[in-house]
Amino acid sequence: MGATPSVLVIGGGSTGCGIARDLSMRGLSVTLVEQGNLTHGTTGRMHGLLHSGGRYAVADQASAEECIQETRVLEDIASHCVEETGGLFVKRPEDSEEYFEQKLRGCEECGIPTEVLSGREARKREPYLAADVDKAIAVPDGAVDPFRLCVANAASAQNHGARIETHAEVTDLLVEAGEVVGAEVTHESGPGTRTHGKAGTTERIEADHVINATGAWAGRIGDMAGLDVNVRPSKGVMTVMNVRQVDTVINRCIPKGNADIVVPHETTCILGTTDEEVEDPEDYPEEEWEVDLMIDELSKLLPVLQEARTIRSYWGVRPLYEPPGEGTADSEDITRDFFLLDHADRDGLPGLTTIVGGKFTTYRMMAEDISDHVCDRLGVSASCRTAEVPLPGSRDERVLDDAMDEFGLTSPVARRSKQRLGDRASEVLDTDGPNPVICSCEGVTRAEVQDAIDQSGTDLNAVRIRTRASMGNCQGGFCTHAMAQELHPEYEPGQAEAALDELYQERWKGQRHGLWGEQLSQAMLSYALHATTMNRDHATRSAAGSRTASDADAGETVDFEAFDGGAPGGD
Amino acid sequence: MSDADSPHDPGVPDDEIPDDEFEPVDVFPESELDLRSGADDCYKCSTCDTNCPVAEVDDEFPGPKFQGPEQWRLKRKDDREIDPSIMDCSNCMRCDNACPSDVPLSQMHNEARAEYVDEQMSKLSVEYWRNRVLANYRKGAWLGSKFPRLTNALANNGPLRKLGEKLFGLTAEREFPAFATQTFREWWAERGGAQVQSEEKRVAYFHGCYANYNTPEVAKAMVRTFEQFGYEIVVPEQGCSGTPMFANGMLDDARRDAATNISSFSELIDEGYDVICSCTSCSMALRQEYPELFTFEGTADVAAHTYEALEYLRIHEDLRGALAGAEVDGDGEDLAYHAPCHARNQGLARQAVELFRDLDGVAVEDVGDSCSGISGTYGWKAEKYEKSMAIGEEMFEEMDEAEGRTGMTECPTCAMQMEHGTGYDIRHPLEILEAALVES
Amino acid sequence: MAIEQEVLVVGGGLAGVTAAVSAARTGADVRLVSYKQPTLRNASGLIDVLGYTPDGEGPLVDPFAALDDLPEGHPYERVGADAVESGLALFDDLTDSTYEGNHTERNALIPTQGGRVKPTARYPASVAAGLASDERDALLVGFERLVGFDAPLSAARLNAAGAPFEARGATVEFPVALSADPKVTRFAHLLDRDEAGEERQEGSVRRALVERVVTHLDGEQRVGFPAVLGDDHPEEVRADLEADLGVDVFEVPMGPPSLPGLRLEDRLYDALDAEGVRIETGNPVVGYEAGADGDRVEAVAVDRSGATVPYAAEQFVLATGGLVGKGIDSDREGVEEPVFDCHVGHPPDRYDWFDDRAFGDHRFARFGVDPDRELRPRNGRGAVEFDNLRAAGAVLGNYDFAAEKSGSGVSLATGFHAGRLAGENT
């Protein structure tokens, strides 16, 4: 083949970004399109567990072995996204002794290192564990930031020449002469980084091969080419605590069940989860009982959760898949394995491969498999290097240990910034101008916000997932407007305003699920600040017409002259 | 090896089961309190920051919201590093009183400071030993009081003070407090202890270091006033309340003295005594800091039974009635009153003004809610002196504008600062109360 | 019982202070007990009466004209228009020349942090030159290290909203070397003292600030700064800046922490003192003792680090605030008023407490006690909880102060009303 073969990857989750990186490192010409932000689908809505494999060690040993293998790889190539917290499988008195033994044996069989702890030893590690926890198995579970990992994969792909388009929705697959040759894409605000208020465009993107890596949305892409991809989306709730009650992943040692895991994630703990099949990956009920279940069940492991503050809850949809004819009744029993559907073999439609199922922890391995497959189809012989070459941010681990360089920040802020930015820290934080903290909950400075804006335009949610700004206890009440101000003057006031409204609403969406006690006080304070003081619930424009016409289309009409113009004789 | 297989009744916490194989584990070893959950109460309103006297004069100081809930929330268990700015906190505790949302700010600061001193401060540094000596004022005071005249002369010898600043980081700007020629305890022993016996009304006096060694007249005023109201007083064995130790991150030193105090006073509480302090920082320590930082048996009991002297009389006696008919001899003394930050924290900021407002012979003027700036040992450190005086500036100005040339406060170190900044004589409310109510 | 008084006010925010003064002016012996610092200092310092109707109509030019149409149960409906007027009159009296707006019944439109205007009835004198209905052009000045107020962006928004003047914005470095994150009180302190002090810079800070700003002036007759122009001496700071700039100077109100809120608090506490109210701050009221037949409160229980001390009175006013001030508390199961356990109506399903839109119609914003026309909280059956307990301010339910822009007005009107009735009933 003469020209560089081209591949279109649909889906900007962990799998899609992993494939884009892999193929572009092999020298292919890659374009990735994602309908929302990177991680918009399931990746951005997982609990952040980096599996040691322990959770699968009894029921699915093949997956368990893959997990421990890939966890080791990610600890190397993505050190700035991973926290090696360790994990515990904790047994309560009423939990099966037999299963505990099975778990221990299973781990050993899969090569997962274990250590059995007495209840007291376990409590020494995690003092908030319930007093009646019998014993525990320690395993090398970890925590991972899916946003950072995905963004780093995309950045690496870009560094190898890939084109990454977010807010680019596939509206049709292009099928010519019985072959998929590309896709029709609608760019919400034109190609490139997102810009609020900029008109949308459509584009035909042609490619030698198209990869459908859209997870729970894979069925929809399949439909566009008349293919039946039977994804069974299953929702699960995750509840975010305000602080880390534990620094170790806490699993309950039971065969299967809802609400059996607590993951220390960045500054928070995440409680999970449930498993319930839904019809539509974008429209499903988010209910009170699900949140209550997390708190009530997991309080049996960590009683402190009963009184602790939650800041939000969110739901993720697993892209479960099973081959036609399996008909598993309970979504919890559907395999977590991944499936590569070669539509040439399966449906007689070449040019398209779909990847469904699978787990976040093994995203790189899945990406390697599908990349091998596509290269094979395209006649490219190049081998995978993603397991050896560290991701941007993780190329030099020394930055974290270098206590000397604090970039003029207080040490906790410097430490957190470096944990997020990895080896990019000095590139981002070494600024000449003043570098005040914009988000004080998470310790995010102006320089880091500006760096994220450079990457993602006016999309403040994209800034959020890169920096964690607005993800702390005030849920954006005290920083979203300051983040929006950072868009100006590069972007117009109207764009900053639209970006603010969008981020603020996104923060509200999750925060709604934690509205009692402290978080309800917080919500009222934020509401008072944004509505009472800033009057953000009322857009105002003059009866006499606006000076800048572009901003005048919304809001109530005001006759400025009718209001108090100052005391007579006053200053 | 593990005891995971050892059989026992399910449902019984195994921490309570005697086990030869393991030392019992304290779930919260006292040095490693996990205070991250304290951040749950914070809603970021920054009321604490607007009350911080240090942040107002020093923008390098990141303020109580950062030092407390934010720093703790950003912490992972293996993050040992505490921002060094914690040593710039003066432990005035105004943030506690400010926070509308119950964040345990000073507790977080105390823990962070102790952790910093333990893990990050060189035990060989002059700063460490200077702080240690300041924190353990009582030990020096004990020695000094043995030879009061000599010590007073040496301590305020100019060249010696300069040397102290150079070698030891103690400001040469301040004069050392004079030691009394007779300590309160010596006086108490000499007069034969309590002069009033009562089964019903009994108090145990926590005089603290300063009233014992430096201002026994305050302690005597307390004794005479309480006896006037018919109280039987005991003066039990006691150590330092710990206030200067908390402020310097010397929690181990504080714990030692707290153990003595709690055991000594909780026994008396069982016999029907309440604990009375004449120093508002001492009462603060017994009431708030002990329960926040220590877990000795009787800690909560001591906290619940400790009162500041005036506060106790206000609650238990008709003090208003007693003062209504009283007067202070003299020519209408005008008192410029400063409420110590630690008094503020106990809800006592206004009681002296309220009590003496209608007392004949004195006029009390509140000089406002600013901090005096000395915060115990803080203003004694050479590198903090300027800051301490900048914080005090507002109070000095207010005192200057006040009618009288006499100051009044409950806190001995605030009194030092008031005197240092204005040259006024400073009195304790108990002395006024004594003058009004006790036949001389 | 040693600590007793005729009227005891629980809570030290705007409503509590107003109630205490109002009661004291009837001749009663009054004590105000508060726990922590009031949320008053979080507020912008603007005194809103009614900016929008509960249906969202507005901004209202005349807030008083809209009072008659408020729904039954709304605090203004409970106390009546006279109490609203009287509450404001009391406020005008207490704040004297430091506040403006009483020359007219009309609302003023004030540019606030973020560049939008909001309707309000009284405003600090420091804000007066910034009114959006004033036709003079304005320069807004922000500081590099003060996040939350972006002057050029705010100016652009004012222009976009069609304000009858041209606004421009400029961002300058404060003329004193500062760390990256100085507190607002630090700016205020430097301007108050007018000397960078301490070691870093000689000379007048105000003067140096003027020098940085004057180069940006282009014919504007007024200059707006974020509201950090002094804490103890704001008039002096503003006067100096005006004299040196040769134009009017105003402050743009900000969210917490808010200097205008702080100054108002100081002013009101001085007034309380002057009115002879006894003030006690620092210990929480944790409960109460009822009389034998249960229909009167005899005393409240004040917690002093574990010891509970009764404070007796003839009349009580509850002014502990709302969800932010913690006068209303909640958990997953429900919503309560923690001191007297007064009934707080709320939907049983937690998911009915909020709207899915961030600025939707939030039921939680209207949580609070439900009073009769004497402001006595009523139980779930509509009967008065206690004969001698009245409530004022944000602890009251049935109104959304954030949406209506009515927070301060309700505190003043209900504080005045509750305080007067409490005082008259002693």
# chains A, B, ... in the order shown; residues from 1 in each chain; ligands from 1
>>> closest_atom_pairs(of="chain A", to="chain B", cutoff="6 Å", atoms="only C-alpha atoms", output="Markdown table")
| residue | atom | partner | partner_atom | distance |
| --- | --- | --- | --- | --- |
| A:Pro93 | CA | B:Pro10 | CA | 5.4 |
| A:Ser118 | CA | B:Ala4 | CA | 4.2 |
| A:Pro127 | CA | B:Val27 | CA | 5.7 |
| A:Ala131 | CA | B:Pro13 | CA | 5.0 |
| A:Asp132 | CA | B:Pro13 | CA | 4.7 |
| A:Lys135 | CA | B:Ala4 | CA | 5.7 |
| A:Thr267 | CA | B:Leu74 | CA | 5.7 |
| A:Arg309 | CA | B:Asp40 | CA | 5.7 |
| A:Ser411 | CA | B:Asp83 | CA | 5.3 |
| A:Gln522 | CA | B:Tyr43 | CA | 5.4 |
>>> write_last_selection(atoms="N, CA, C and O atoms", output="PDB file, in the first residue's frame")
ATOM      1  N   PRO A  93     -18.914 -10.625  59.799  1.00  0.00           N
ATOM      2  CA  PRO A  93     -19.231 -11.913  60.443  1.00  0.00           C
ATOM      3  C   PRO A  93     -20.256 -12.731  59.665  1.00  0.00           C
ATOM      4  O   PRO A  93     -20.154 -13.962  59.602  1.00  0.00           O
ATOM      5  N   SER A 118      -5.952  -9.900  60.108  1.00  0.00           N
ATOM      6  CA  SER A 118      -7.008 -10.015  61.118  1.00  0.00           C
ATOM      7  C   SER A 118      -7.825  -8.731  61.072  1.00  0.00           C
ATOM      8  O   SER A 118      -7.405  -7.725  60.475  1.00  0.00           O
ATOM      9  N   PRO A 127      -8.550   2.810  59.949  1.00  0.00           N
ATOM     10  CA  PRO A 127      -9.178   2.903  61.277  1.00  0.00           C
ATOM     11  C   PRO A 127     -10.704   3.018  61.246  1.00  0.00           C
ATOM     12  O   PRO A 127     -11.354   2.691  62.228  1.00  0.00           O
ATOM     13  N   ALA A 131     -15.986  -2.176  63.555  1.00  0.00           N
ATOM     14  CA  ALA A 131     -15.348  -2.916  64.647  1.00  0.00           C
ATOM     15  C   ALA A 131     -15.592  -4.412  64.536  1.00  0.00           C
ATOM     16  O   ALA A 131     -14.838  -5.212  65.089  1.00  0.00           O
ATOM     17  N   ASP A 132     -16.651  -4.811  63.821  1.00  0.00           N
ATOM     18  CA  ASP A 132     -16.938  -6.249  63.761  1.00  0.00           C
ATOM     19  C   ASP A 132     -16.469  -6.883  62.452  1.00  0.00           C
ATOM     20  O   ASP A 132     -16.814  -8.020  62.164  1.00  0.00           O
ATOM     21  N   LYS A 135     -11.989 -10.112  59.204  1.00  0.00           N
ATOM     22  CA  LYS A 135     -10.661 -10.270  58.614  1.00  0.00           C
ATOM     23  C   LYS A 135     -10.705  -9.762  57.193  1.00  0.00           C
ATOM     24  O   LYS A 135     -11.771  -9.405  56.675  1.00  0.00           O
ATOM     25  N   THR A 267      -9.319  13.390  45.941  1.00  0.00           N
ATOM     26  CA  THR A 267      -9.594  13.927  47.277  1.00  0.00           C
ATOM     27  C   THR A 267     -10.828  13.294  47.911  1.00  0.00           C
ATOM     28  O   THR A 267     -11.236  13.702  48.997  1.00  0.00           O
ATOM     29  N   ARG A 309     -20.439  13.403  54.727  1.00  0.00           N
ATOM     30  CA  ARG A 309     -21.036  14.239  53.691  1.00  0.00           C
ATOM     31  C   ARG A 309     -20.804  13.642  52.307  1.00  0.00           C
ATOM     32  O   ARG A 309     -19.692  13.280  51.954  1.00  0.00           O
ATOM     33  N   SER A 411       2.665  24.170  49.942  1.00  0.00           N
ATOM     34  CA  SER A 411       3.060  22.807  49.609  1.00  0.00           C
ATOM     35  C   SER A 411       1.903  21.859  49.279  1.00  0.00           C
ATOM     36  O   SER A 411       2.035  21.070  48.349  1.00  0.00           O
ATOM     37  N   GLN A 522     -24.536  23.859  51.688  1.00  0.00           N
ATOM     38  CA  GLN A 522     -23.629  24.332  50.638  1.00  0.00           C
ATOM     39  C   GLN A 522     -24.416  24.786  49.411  1.00  0.00           C
ATOM     40  O   GLN A 522     -24.155  25.850  48.849  1.00  0.00           O
TER      41      GLN A 522
END
>>> residues_around(residues="C:Gly16", least_positions_apart="3", cutoff="8 Å", atoms="only C-alpha atoms", output="ChimeraX atom specification")
/C:9-13,19-20,32,317-320,392-393,415
>>> write_last_selection(atoms="all heavy atoms", output="PDB file, in the first residue's frame")
ATOM      1  N   VAL C   9     -33.342  37.186  72.419  1.00  0.00           N
ATOM      2  CA  VAL C   9     -33.282  36.946  70.981  1.00  0.00           C
ATOM      3  C   VAL C   9     -32.193  35.917  70.725  1.00  0.00           C
ATOM      4  O   VAL C   9     -31.067  36.077  71.187  1.00  0.00           O
ATOM      5  CB  VAL C   9     -32.960  38.258  70.223  1.00  0.00           C
ATOM      6  CG1 VAL C   9     -32.830  37.986  68.728  1.00  0.00           C
ATOM      7  CG2 VAL C   9     -34.022  39.310  70.499  1.00  0.00           C
ATOM      8  N   VAL C  10     -32.538  34.865  70.016  1.00  0.00           N
ATOM      9  CA  VAL C  10     -31.567  33.830  69.682  1.00  0.00           C
ATOM     10  C   VAL C  10     -31.159  34.007  68.230  1.00  0.00           C
ATOM     11  O   VAL C  10     -31.975  33.841  67.329  1.00  0.00           O
ATOM     12  CB  VAL C  10     -32.162  32.412  69.880  1.00  0.00           C
ATOM     13  CG1 VAL C  10     -31.081  31.361  69.658  1.00  0.00           C
ATOM     14  CG2 VAL C  10     -32.776  32.281  71.255  1.00  0.00           C
ATOM     15  N   GLY C  11     -29.915  34.367  68.006  1.00  0.00           N
ATOM     16  CA  GLY C  11     -29.428  34.566  66.642  1.00  0.00           C
ATOM     17  C   GLY C  11     -28.967  35.990  66.428  1.00  0.00           C
ATOM     18  O   GLY C  11     -29.650  36.936  66.838  1.00  0.00           O
ATOM     19  N   GLY C  12     -27.806  36.167  65.809  1.00  0.00           N
ATOM     20  CA  GLY C  12     -27.190  37.482  65.722  1.00  0.00           C
ATOM     21  C   GLY C  12     -27.023  38.014  64.319  1.00  0.00           C
ATOM     22  O   GLY C  12     -26.138  38.825  64.070  1.00  0.00           O
ATOM     23  N   GLY C  13     -27.853  37.579  63.399  1.00  0.00           N
ATOM     24  CA  GLY C  13     -27.788  38.133  62.045  1.00  0.00           C
ATOM     25  C   GLY C  13     -28.651  39.381  61.924  1.00  0.00           C
ATOM     26  O   GLY C  13     -29.023  39.998  62.922  1.00  0.00           O
ATOM     27  N   ALA C  19     -34.541  42.608  65.554  1.00  0.00           N
ATOM     28  CA  ALA C  19     -35.521  42.237  66.581  1.00  0.00           C
ATOM     29  C   ALA C  19     -35.083  42.767  67.949  1.00  0.00           C
ATOM     30  O   ALA C  19     -35.901  43.282  68.724  1.00  0.00           O
ATOM     31  CB  ALA C  19     -35.693  40.718  66.624  1.00  0.00           C
ATOM     32  N   ALA C  20     -33.796  42.653  68.240  1.00  0.00           N
ATOM     33  CA  ALA C  20     -33.308  43.080  69.556  1.00  0.00           C
ATOM     34  C   ALA C  20     -33.467  44.591  69.723  1.00  0.00           C
ATOM     35  O   ALA C  20     -33.931  45.066  70.766  1.00  0.00           O
ATOM     36  CB  ALA C  20     -31.841  42.668  69.725  1.00  0.00           C
ATOM     37  N   LEU C  32     -29.307  39.425  73.491  1.00  0.00           N
ATOM     38  CA  LEU C  32     -29.165  38.698  72.232  1.00  0.00           C
ATOM     39  C   LEU C  32     -28.078  37.652  72.410  1.00  0.00           C
ATOM     40  O   LEU C  32     -26.966  37.965  72.840  1.00  0.00           O
ATOM     41  CB  LEU C  32     -28.810  39.678  71.105  1.00  0.00           C
ATOM     42  CG  LEU C  32     -28.617  39.086  69.713  1.00  0.00           C
ATOM     43  CD1 LEU C  32     -29.111  40.061  68.648  1.00  0.00           C
ATOM     44  CD2 LEU C  32     -27.167  38.732  69.436  1.00  0.00           C
ATOM     45  N   VAL C 317     -37.371  35.434  70.764  1.00  0.00           N
ATOM     46  CA  VAL C 317     -37.381  35.583  69.306  1.00  0.00           C
ATOM     47  C   VAL C 317     -36.348  34.621  68.722  1.00  0.00           C
ATOM     48  O   VAL C 317     -35.194  34.599  69.139  1.00  0.00           O
ATOM     49  CB  VAL C 317     -37.049  37.024  68.870  1.00  0.00           C
ATOM     50  CG1 VAL C 317     -37.018  37.119  67.334  1.00  0.00           C
ATOM     51  CG2 VAL C 317     -38.066  38.007  69.438  1.00  0.00           C
ATOM     52  N   LEU C 318     -36.798  33.809  67.773  1.00  0.00           N
ATOM     53  CA  LEU C 318     -35.938  32.844  67.096  1.00  0.00           C
ATOM     54  C   LEU C 318     -35.473  33.466  65.785  1.00  0.00           C
ATOM     55  O   LEU C 318     -36.292  33.742  64.903  1.00  0.00           O
ATOM     56  CB  LEU C 318     -36.724  31.557  66.825  1.00  0.00           C
ATOM     57  CG  LEU C 318     -36.023  30.443  66.047  1.00  0.00           C
ATOM     58  CD1 LEU C 318     -34.898  29.824  66.863  1.00  0.00           C
ATOM     59  CD2 LEU C 318     -37.029  29.371  65.649  1.00  0.00           C
ATOM     60  N   ALA C 319     -34.181  33.721  65.675  1.00  0.00           N
ATOM     61  CA  ALA C 319     -33.651  34.337  64.455  1.00  0.00           C
ATOM     62  C   ALA C 319     -32.337  33.664  64.107  1.00  0.00           C
ATOM     63  O   ALA C 319     -31.291  34.284  63.976  1.00  0.00           O
ATOM     64  CB  ALA C 319     -33.463  35.840  64.665  1.00  0.00           C
ATOM     65  N   THR C 320     -32.396  32.343  63.972  1.00  0.00           N
ATOM     66  CA  THR C 320     -31.187  31.534  63.834  1.00  0.00           C
ATOM     67  C   THR C 320     -30.786  31.313  62.388  1.00  0.00           C
ATOM     68  O   THR C 320     -29.807  30.617  62.127  1.00  0.00           O
ATOM     69  CB  THR C 320     -31.404  30.172  64.516  1.00  0.00           C
ATOM     70  OG1 THR C 320     -32.715  29.710  64.182  1.00  0.00           O
ATOM     71  CG2 THR C 320     -31.297  30.295  66.012  1.00  0.00           C
ATOM     72  N   ALA C 392     -38.073  35.245  63.147  1.00  0.00           N
ATOM     73  CA  ALA C 392     -37.776  36.314  62.204  1.00  0.00           C
ATOM     74  C   ALA C 392     -36.612  35.910  61.308  1.00  0.00           C
ATOM     75  O   ALA C 392     -35.734  35.146  61.707  1.00  0.00           O
ATOM     76  CB  ALA C 392     -37.414  37.592  62.969  1.00  0.00           C
ATOM     77  N   GLY C 393     -36.626  36.426  60.101  1.00  0.00           N
ATOM     78  CA  GLY C 393     -35.516  36.222  59.176  1.00  0.00           C
ATOM     79  C   GLY C 393     -35.576  34.882  58.457  1.00  0.00           C
ATOM     80  O   GLY C 393     -36.651  34.300  58.273  1.00  0.00           O
ATOM     81  N   GLY C 415     -37.950  41.004  61.680  1.00  0.00           N
ATOM     82  CA  GLY C 415     -37.198  41.314  62.896  1.00  0.00           C
ATOM     83  C   GLY C 415     -37.871  42.453  63.643  1.00  0.00           C
ATOM     84  O   GLY C 415     -38.077  42.399  64.867  1.00  0.00           O
TER      85      GLY C 415
END
>>> interface_residues(of="chain C", to="chain A", cutoff="6 Å", atoms="only C-alpha atoms", output="PyMOL selection string")
chain C and resi 61+106-108+112+118+133-134+148+159-162+180-181+255+323-324+330-332+358-359+402+405
>>> residues_around(residues="stretch 63-78 of chain A", least_positions_apart="3", cutoff="7 Å", atoms="only C-alpha atoms", output="short mmCIF file (atom, residue, chain, number, x, y, z; two decimals) with N, CA, C and O atoms, in the first residue's frame")
data_model
loop_
_atom_site.label_atom_id
_atom_site.label_comp_id
_atom_site.auth_asym_id
_atom_site.auth_seq_id
_atom_site.Cartn_x
_atom_site.Cartn_y
_atom_site.Cartn_z
N LEU A 50 -8.69 0.66 39.89
CA LEU A 50 -7.74 -0.05 39.04
C LEU A 50 -7.67 -1.46 39.61
O LEU A 50 -7.12 -1.69 40.68
N HIS A 51 -8.28 -2.39 38.87
CA HIS A 51 -8.46 -3.75 39.39
C HIS A 51 -7.15 -4.50 39.56
O HIS A 51 -6.37 -4.58 38.63
N SER A 52 -6.97 -5.06 40.74
CA SER A 52 -5.88 -6.02 40.87
C SER A 52 -6.30 -7.33 40.21
O SER A 52 -5.48 -8.20 39.96
N GLY A 53 -7.58 -7.47 39.96
CA GLY A 53 -8.13 -8.73 39.48
C GLY A 53 -8.85 -9.49 40.58
O GLY A 53 -9.57 -10.45 40.34
N GLY A 54 -8.65 -9.03 41.81
CA GLY A 54 -9.25 -9.70 42.95
C GLY A 54 -10.76 -9.88 42.83
O GLY A 54 -11.31 -10.90 43.22
N TYR A 56 -12.46 -10.47 40.31
CA TYR A 56 -12.84 -11.51 39.36
C TYR A 56 -12.21 -12.87 39.68
O TYR A 56 -12.37 -13.83 38.95
N ALA A 57 -11.47 -12.92 40.78
CA ALA A 57 -10.61 -14.08 41.02
C ALA A 57 -11.36 -15.38 41.26
O ALA A 57 -10.79 -16.46 41.13
N ASP A 60 -14.21 -15.36 37.35
CA ASP A 60 -13.73 -15.15 35.99
C ASP A 60 -12.22 -14.98 36.03
O ASP A 60 -11.69 -13.88 35.97
N CYS A 81 -1.54 8.99 36.65
CA CYS A 81 -2.99 8.77 36.68
C CYS A 81 -3.37 7.75 37.73
O CYS A 81 -4.54 7.55 38.03
N VAL A 82 -2.37 7.07 38.25
CA VAL A 82 -2.64 5.91 39.10
C VAL A 82 -2.15 6.19 40.51
O VAL A 82 -1.11 6.79 40.71
N CYS A 110 -4.38 -16.85 40.28
CA CYS A 110 -4.25 -15.87 39.20
C CYS A 110 -2.97 -15.05 39.31
O CYS A 110 -2.75 -14.10 38.54
N ILE A 112 -2.23 -13.06 41.83
CA ILE A 112 -2.47 -11.80 42.53
C ILE A 112 -1.92 -11.93 43.95
O ILE A 112 -2.39 -12.79 44.70
N ASP A 337 -16.12 -9.76 29.83
CA ASP A 337 -15.11 -9.92 28.79
C ASP A 337 -15.44 -9.02 27.61
O ASP A 337 -16.55 -8.57 27.46
N THR A 361 -9.86 -1.30 33.24
CA THR A 361 -8.48 -1.63 33.62
C THR A 361 -7.71 -2.23 32.44
O THR A 361 -6.51 -2.01 32.31
N THR A 362 -8.40 -2.97 31.58
CA THR A 362 -7.71 -3.64 30.48
C THR A 362 -7.88 -2.90 29.17
O THR A 362 -7.72 -3.49 28.11
N ALA A 387 2.62 -0.59 25.78
CA ALA A 387 2.92 -1.11 27.12
C ALA A 387 4.29 -0.65 27.61
O ALA A 387 4.58 -0.72 28.79
N GLU A 388 5.11 -0.19 26.69
CA GLU A 388 6.48 0.18 27.10
C GLU A 388 6.67 1.69 27.20
O GLU A 388 7.46 2.16 28.01
N VAL A 389 5.98 2.43 26.33
CA VAL A 389 6.25 3.88 26.27
C VAL A 389 5.31 4.62 27.23
O VAL A 389 4.10 4.53 27.09
N PRO A 390 5.87 5.32 28.19
CA PRO A 390 5.01 6.02 29.14
C PRO A 390 4.18 7.11 28.48
O PRO A 390 4.58 7.67 27.45
N LEU A 391 3.06 7.42 29.10
CA LEU A 391 2.16 8.46 28.58
C LEU A 391 2.70 9.84 28.94
O LEU A 391 3.44 9.99 29.91
N SER A 394 3.75 11.03 32.50
CA SER A 394 4.34 9.95 33.30
C SER A 394 5.73 9.57 32.83
O SER A 394 6.23 8.51 33.15
#
>>> closest_atom_pairs(of="chain B", to="chain C", cutoff="8 Å", atoms="only C-alpha atoms", output="tab-separated table")
residue	atom	partner	partner_atom	distance
B:Cys45	CA	C:Pro256	CA	5.7
B:Ser46	CA	C:Pro257	CA	5.7
B:Thr47	CA	C:Pro257	CA	6.3
B:Asp49	CA	C:Lys183	CA	7.2
B:Thr50	CA	C:Thr185	CA	5.9
B:Ala55	CA	C:Arg186	CA	6.8
B:Glu56	CA	C:Arg186	CA	4.6
B:Val57	CA	C:Arg186	CA	6.5
B:Asp58	CA	C:Arg186	CA	7.6
B:Asp59	CA	C:Pro182	CA	5.0
B:Glu60	CA	C:Ser179	CA	5.6
B:Pro62	CA	C:Asp181	CA	7.4
B:Asn97	CA	C:Lys36	CA	5.7
B:Ala98	CA	C:Gln37	CA	5.0
B:Cys99	CA	C:Lys36	CA	6.1
B:Pro100	CA	C:Lys36	CA	5.1
B:Ser101	CA	C:Lys326	CA	7.5
B:Arg287	CA	C:Ser305	CA	6.0
B:Gln288	CA	C:Ser305	CA	6.9
B:Ala300	CA	C:Gly306	CA	7.7
B:Ala303	CA	C:Ser305	CA	6.3
B:Ala304	CA	C:Gly306	CA	4.3
B:His305	CA	C:Ala307	CA	6.6
B:Arg314	CA	C:Ala2	CA	6.7
B:Ile315	CA	C:Ala2	CA	5.4
B:His316	CA	C:Ala2	CA	6.2
B:Glu317	CA	C:Ala2	CA	6.2
B:Asp318	CA	C:Ala2	CA	5.8
B:Arg344	CA	C:Gly282	CA	6.6
B:Asn345	CA	C:Gly282	CA	5.7
B:Gln346	CA	C:Gly282	CA	5.7
B:Gly347	CA	C:Gly282	CA	3.9
B:Leu348	CA	C:Glu280	CA	7.2
B:Ala349	CA	C:Glu280	CA	7.4
B:Arg350	CA	C:Glu280	CA	6.3
B:Gln351	CA	C:Glu280	CA	7.7
B:Glu354	CA	C:Arg278	CA	6.7
B:Glu386	CA	C:Glu198	CA	7.7
B:Ala390	CA	C:Glu198	CA	7.9
>>> residues_around(residues="stretch 43-60 of chain C", least_positions_apart="4", cutoff="6 Å", atoms="only C-alpha atoms", output="list in words")
Pro119, Thr120, Ala121, Arg122, Tyr123, Pro253, Met254, Gly255, Ser258, Pro260, Gly261, Glu404, Lys405, Ser406, Ser408 and Gly409 of chain C
>>> select_by_dssp(residues="stretch 92-320 of chain A", states="strand (DSSP E or B)", output="ChimeraX atom specification")
/A:115-118,135-139,142-144,163-165,168-176,179-188,190,201-206,209-212,231-241,249-252,261-265,268-272,276-277,280,283,310-320
>>> residues_around(residues="stretch 213-221 of chain C", least_positions_apart="5", cutoff="6 Å", atoms="only C-alpha atoms", output="list in words")
Asp137, Ala138 and Val247 of chain C
